[in-house]
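Colleague: Here's a structure for you.
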Amino acid sequence: MEVADKPDQSDFQEITTWIFDLDNTLYPRHSNLFAQVDVKIREYVSRLLEIPFEEAQKVQKAYYRDYGTTLRGLMLEHAIDPDDFLNYVHDIDHSPVQPDPALGEAISKLAGRRYIFTNGSRTHAINVAERLGITEHFEDIFDIVWADLLPKPNRLPYEKLVAETGIDPAKSAMFEDLARNLEVPHDLGMRTVLVVPQGTRDVFHEEWEAHGRDEPHVDHVTDDLAGFVAEIVR
């Protein structure tokens with residue numbers, strides 16, 4: 001499956017709910033916003049465990065890989081206060097995220113309900129959406145606290161989203177930058193779109209992040225979210 005310039009519009013004709021991940025999905029990975037969060041998490045782990053910065057990075061990445069988020073790993077392994085963690089790691093400079101009028105216009109034309117569904121905090125999601133200029137185009141934001149601190153790709157947050165909103169998964173589409181986070185939505189019956197780094201499908205921060213992008217649970221792949229959505233509504 002190559003990077004798609006245009007979606008197969010027949011796949012989206014019946015879609016009435018549009019669900020978007022936040023980090024590295026609604027804004028491009030090359031903005032390096034999440035790199036700031038990455039450093040803050042490392043600082044938090046280093047301070048908490050009283051270990052060198054380099055060792056903290058290994059712990060951080062291992063928890064992220066094994067538990068879905070570093071936060072989940074720290075909660076289970078070290079019983080940390082999640083609010084303290086979220087407040088610390090999302091206290092960043094959001095200015096690298098630039099307004100994206102093309103994305104906003106495309107999303108605004110999607111018929112039906114639109115949501116942000118993130119493993120980050122609601123405050124962080126609002127800050128990003130405001131920088132992009134797309135806040136008004138979404139009905140609600142579902143964050144890690146709403147998900148009872150259980151991150152994607154765990155099945156329960158997806159099931160809770162469906163139950164609380166009353167959406168029909170068969171008429172829903174999910175946009176994500178991690179293929180593993182699309183497996184459950186696909187199993188539930190959603191259309192799935194993998195958003196990859198611009199101009200390539202091979203630049204990922206961690207090798208495991210690229211796993212699964214050619215699996216059957218990934219229906220579409222694009223490196224241009226605004227263009228892809230614009231083609232859906234054209």
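By convention here, the chains of the structure tokens are called A, B, ... in the order presented, each chain's residues are numbered starting at 1, and ligands are numbered starting at 1 in the order presented.
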List every residue of region 28-224 of chain A that DSSP, applied to the backbone of this structure, places in strand (DSSP E), and write the result as a tab-separated table (two decimals) with C-alpha atoms, in the first residue's frame.
Modeller:
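Done, and the output landed in selection38.tsv:
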```tsv
chain	number	residue	atom	x	y	z
A	113	ARG	CA	-20.27	14.44	13.92
A	114	ARG	CA	-16.57	15.11	14.49
A	115	TYR	CA	-14.46	14.24	17.52
A	116	ILE	CA	-10.88	14.38	18.77
A	117	PHE	CA	-9.81	11.20	20.55
A	140	ASP	CA	-16.18	17.13	21.63
A	141	ILE	CA	-12.74	16.01	22.79
A	142	PHE	CA	-12.16	12.64	24.45
A	172	SER	CA	-17.50	5.99	11.40
A	173	ALA	CA	-13.95	6.75	10.27
A	174	MET	CA	-10.84	6.96	12.45
A	175	PHE	CA	-7.66	8.88	11.60
A	176	GLU	CA	-4.45	7.94	13.46
A	191	ARG	CA	-12.98	2.89	8.21
A	192	THR	CA	-9.36	3.49	9.19
A	193	VAL	CA	-6.87	6.04	7.86
A	194	LEU	CA	-3.19	6.00	8.81
A	195	VAL	CA	-1.55	9.44	8.71
A	220	HIS	CA	-6.07	3.97	3.80
A	221	VAL	CA	-2.68	5.67	4.13
A	222	THR	CA	-1.95	9.36	3.54
```
Colleague: For CA of Tyr158 (chain A) and CA of Arg72 (chain A), quote the distance in Å rounded to one decimal.
Modeller: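 Between CA of Tyr158 (chain A) and CA of Arg72 (chain A) the gap is 16.7 Å.
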Colleague: From a DSSP pass on the backbone, collect the residues of region 35-193 of chain A flagged as helix (DSSP H, G or I) and hand them back as a ChimeraX atom specification.
Modeller: /A:35-49,53-67,70-78,82-89,101-108,122-132,135-137,155-165,169-171,179-188
Colleague: Output the selection as a PDB file, in the first residue's frame - C-alpha atoms for each residue.
Modeller:
```pdb
ATOM      1  CA  ALA A  35       9.331  16.376  20.783  1.00  0.00           C
ATOM      2  CA  GLN A  36       8.814  18.900  23.585  1.00  0.00           C
ATOM      3  CA  VAL A  37       6.432  16.522  25.364  1.00  0.00           C
ATOM      4  CA  ASP A  38       8.960  13.756  24.812  1.00  0.00           C
ATOM      5  CA  VAL A  39      11.665  15.722  26.647  1.00  0.00           C
ATOM      6  CA  LYS A  40       9.302  16.670  29.468  1.00  0.00           C
ATOM      7  CA  ILE A  41       8.355  13.025  29.988  1.00  0.00           C
ATOM      8  CA  ARG A  42      12.034  12.102  30.122  1.00  0.00           C
ATOM      9  CA  GLU A  43      12.647  14.818  32.692  1.00  0.00           C
ATOM     10  CA  TYR A  44       9.737  13.569  34.782  1.00  0.00           C
ATOM     11  CA  VAL A  45      10.979   9.966  34.693  1.00  0.00           C
ATOM     12  CA  SER A  46      14.536  11.033  35.489  1.00  0.00           C
ATOM     13  CA  ARG A  47      13.408  13.058  38.494  1.00  0.00           C
ATOM     14  CA  LEU A  48      10.945  10.446  39.733  1.00  0.00           C
ATOM     15  CA  LEU A  49      13.301   7.470  39.540  1.00  0.00           C
ATOM     16  CA  PHE A  53      18.522  11.381  31.557  1.00  0.00           C
ATOM     17  CA  GLU A  54      19.726   8.709  29.133  1.00  0.00           C
ATOM     18  CA  GLU A  55      18.438   5.890  31.352  1.00  0.00           C
ATOM     19  CA  ALA A  56      15.143   7.707  31.781  1.00  0.00           C
ATOM     20  CA  GLN A  57      14.726   7.719  28.013  1.00  0.00           C
ATOM     21  CA  LYS A  58      15.000   3.918  27.919  1.00  0.00           C
ATOM     22  CA  VAL A  59      12.374   3.563  30.645  1.00  0.00           C
ATOM     23  CA  GLN A  60      10.115   6.085  28.928  1.00  0.00           C
ATOM     24  CA  LYS A  61      10.229   4.309  25.563  1.00  0.00           C
ATOM     25  CA  ALA A  62       9.776   0.872  27.093  1.00  0.00           C
ATOM     26  CA  TYR A  63       6.656   1.976  28.976  1.00  0.00           C
ATOM     27  CA  TYR A  64       5.292   3.711  25.882  1.00  0.00           C
ATOM     28  CA  ARG A  65       5.762   0.557  23.827  1.00  0.00           C
ATOM     29  CA  ASP A  66       4.471  -1.889  26.435  1.00  0.00           C
ATOM     30  CA  TYR A  67       1.628   0.056  28.068  1.00  0.00           C
ATOM     31  CA  THR A  70       4.522   6.237  29.504  1.00  0.00           C
ATOM     32  CA  LEU A  71       1.901   7.503  31.944  1.00  0.00           C
ATOM     33  CA  ARG A  72       0.197   4.119  32.097  1.00  0.00           C
ATOM     34  CA  GLY A  73       3.512   2.409  32.773  1.00  0.00           C
ATOM     35  CA  LEU A  74       4.400   4.859  35.538  1.00  0.00           C
ATOM     36  CA  MET A  75       0.981   4.431  37.130  1.00  0.00           C
ATOM     37  CA  LEU A  76       1.222   0.639  37.161  1.00  0.00           C
ATOM     38  CA  GLU A  77       4.892   0.386  38.061  1.00  0.00           C
ATOM     39  CA  HIS A  78       5.298   3.388  40.385  1.00  0.00           C
ATOM     40  CA  PRO A  82      -1.557  11.130  36.848  1.00  0.00           C
ATOM     41  CA  ASP A  83      -2.645  14.766  37.193  1.00  0.00           C
ATOM     42  CA  ASP A  84       0.839  15.794  38.262  1.00  0.00           C
ATOM     43  CA  PHE A  85       2.303  13.974  35.261  1.00  0.00           C
ATOM     44  CA  LEU A  86      -0.159  15.394  32.712  1.00  0.00           C
ATOM     45  CA  ASN A  87       0.210  18.947  33.974  1.00  0.00           C
ATOM     46  CA  TYR A  88       3.995  18.721  33.808  1.00  0.00           C
ATOM     47  CA  VAL A  89       4.484  17.091  30.414  1.00  0.00           C
ATOM     48  CA  PRO A 101      -6.924  26.927   7.177  1.00  0.00           C
ATOM     49  CA  ALA A 102      -7.015  24.198   4.525  1.00  0.00           C
ATOM     50  CA  LEU A 103      -7.422  21.497   7.155  1.00  0.00           C
ATOM     51  CA  GLY A 104     -10.062  23.521   8.987  1.00  0.00           C
ATOM     52  CA  GLU A 105     -12.061  24.105   5.825  1.00  0.00           C
ATOM     53  CA  ALA A 106     -11.905  20.432   4.857  1.00  0.00           C
ATOM     54  CA  ILE A 107     -12.943  19.179   8.294  1.00  0.00           C
ATOM     55  CA  SER A 108     -15.776  21.722   8.495  1.00  0.00           C
ATOM     56  CA  ARG A 122      -7.951  17.783  27.121  1.00  0.00           C
ATOM     57  CA  THR A 123      -6.054  21.006  27.838  1.00  0.00           C
ATOM     58  CA  HIS A 124      -3.282  19.981  25.460  1.00  0.00           C
ATOM     59  CA  ALA A 125      -5.835  19.078  22.787  1.00  0.00           C
ATOM     60  CA  ILE A 126      -7.592  22.430  23.131  1.00  0.00           C
ATOM     61  CA  ASN A 127      -4.276  24.295  22.894  1.00  0.00           C
ATOM     62  CA  VAL A 128      -3.364  22.429  19.708  1.00  0.00           C
ATOM     63  CA  ALA A 129      -6.806  22.809  18.136  1.00  0.00           C
ATOM     64  CA  GLU A 130      -6.800  26.532  18.856  1.00  0.00           C
ATOM     65  CA  ARG A 131      -3.391  26.942  17.253  1.00  0.00           C
ATOM     66  CA  LEU A 132      -4.601  25.053  14.169  1.00  0.00           C
ATOM     67  CA  THR A 135     -11.628  24.048  17.549  1.00  0.00           C
ATOM     68  CA  GLU A 136     -15.109  25.037  16.385  1.00  0.00           C
ATOM     69  CA  HIS A 137     -15.277  22.153  13.927  1.00  0.00           C
ATOM     70  CA  ARG A 155     -10.145  -1.790  23.499  1.00  0.00           C
ATOM     71  CA  LEU A 156     -12.132  -0.296  26.393  1.00  0.00           C
ATOM     72  CA  PRO A 157     -11.670   3.400  25.486  1.00  0.00           C
ATOM     73  CA  TYR A 158     -12.988   2.759  21.980  1.00  0.00           C
ATOM     74  CA  GLU A 159     -15.974   0.858  23.341  1.00  0.00           C
ATOM     75  CA  LYS A 160     -16.648   3.664  25.827  1.00  0.00           C
ATOM     76  CA  LEU A 161     -16.539   6.213  23.002  1.00  0.00           C
ATOM     77  CA  VAL A 162     -19.094   4.238  21.004  1.00  0.00           C
ATOM     78  CA  ALA A 163     -21.336   3.690  24.032  1.00  0.00           C
ATOM     79  CA  GLU A 164     -21.321   7.288  25.260  1.00  0.00           C
ATOM     80  CA  THR A 165     -21.809   8.939  21.873  1.00  0.00           C
ATOM     81  CA  PRO A 169     -18.984   2.157  14.086  1.00  0.00           C
ATOM     82  CA  ALA A 170     -19.971   0.951  10.625  1.00  0.00           C
ATOM     83  CA  LYS A 171     -20.624   4.585   9.701  1.00  0.00           C
ATOM     84  CA  ALA A 179      -1.221   1.659  12.953  1.00  0.00           C
ATOM     85  CA  ARG A 180      -1.654  -0.310  16.173  1.00  0.00           C
ATOM     86  CA  ASN A 181      -4.258   2.223  17.327  1.00  0.00           C
ATOM     87  CA  LEU A 182      -6.389   1.407  14.282  1.00  0.00           C
ATOM     88  CA  GLU A 183      -6.770  -2.308  14.921  1.00  0.00           C
ATOM     89  CA  VAL A 184      -9.654  -2.019  17.395  1.00  0.00           C
ATOM     90  CA  PRO A 185     -11.595   0.574  15.380  1.00  0.00           C
ATOM     91  CA  HIS A 186     -11.278  -1.644  12.324  1.00  0.00           C
ATOM     92  CA  ASP A 187     -12.515  -4.632  14.311  1.00  0.00           C
ATOM     93  CA  LEU A 188     -15.485  -2.535  15.435  1.00  0.00           C
TER      94      LEU A 188
END
```
Colleague: Can you tell me, as a ChimeraX atom specification, what residues are no more than 10 Å from Pro197 (chain A) when counting only C-alpha atoms, ignoring any on the same chain fewer than 6 positions away?
Modeller: /A:24-25,28-30,177,203-204,222-224
Colleague: Smallest atom-to-atom distance to Gln198 (chain A): which of A:Gly166, A:Leu178, A:Glu50, A:Tyr27, using only C-alpha atoms?
Modeller: A:Tyr27
Colleague: As an exercise, work out the distance from CA of Leu22 (chain A) to CA of Thr118 (chain A) in Å and give it to one decimal place.
Modeller: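 Interatomic distance, CA of Leu22 (chain A) to CA of Thr118 (chain A): 5.6 Å.
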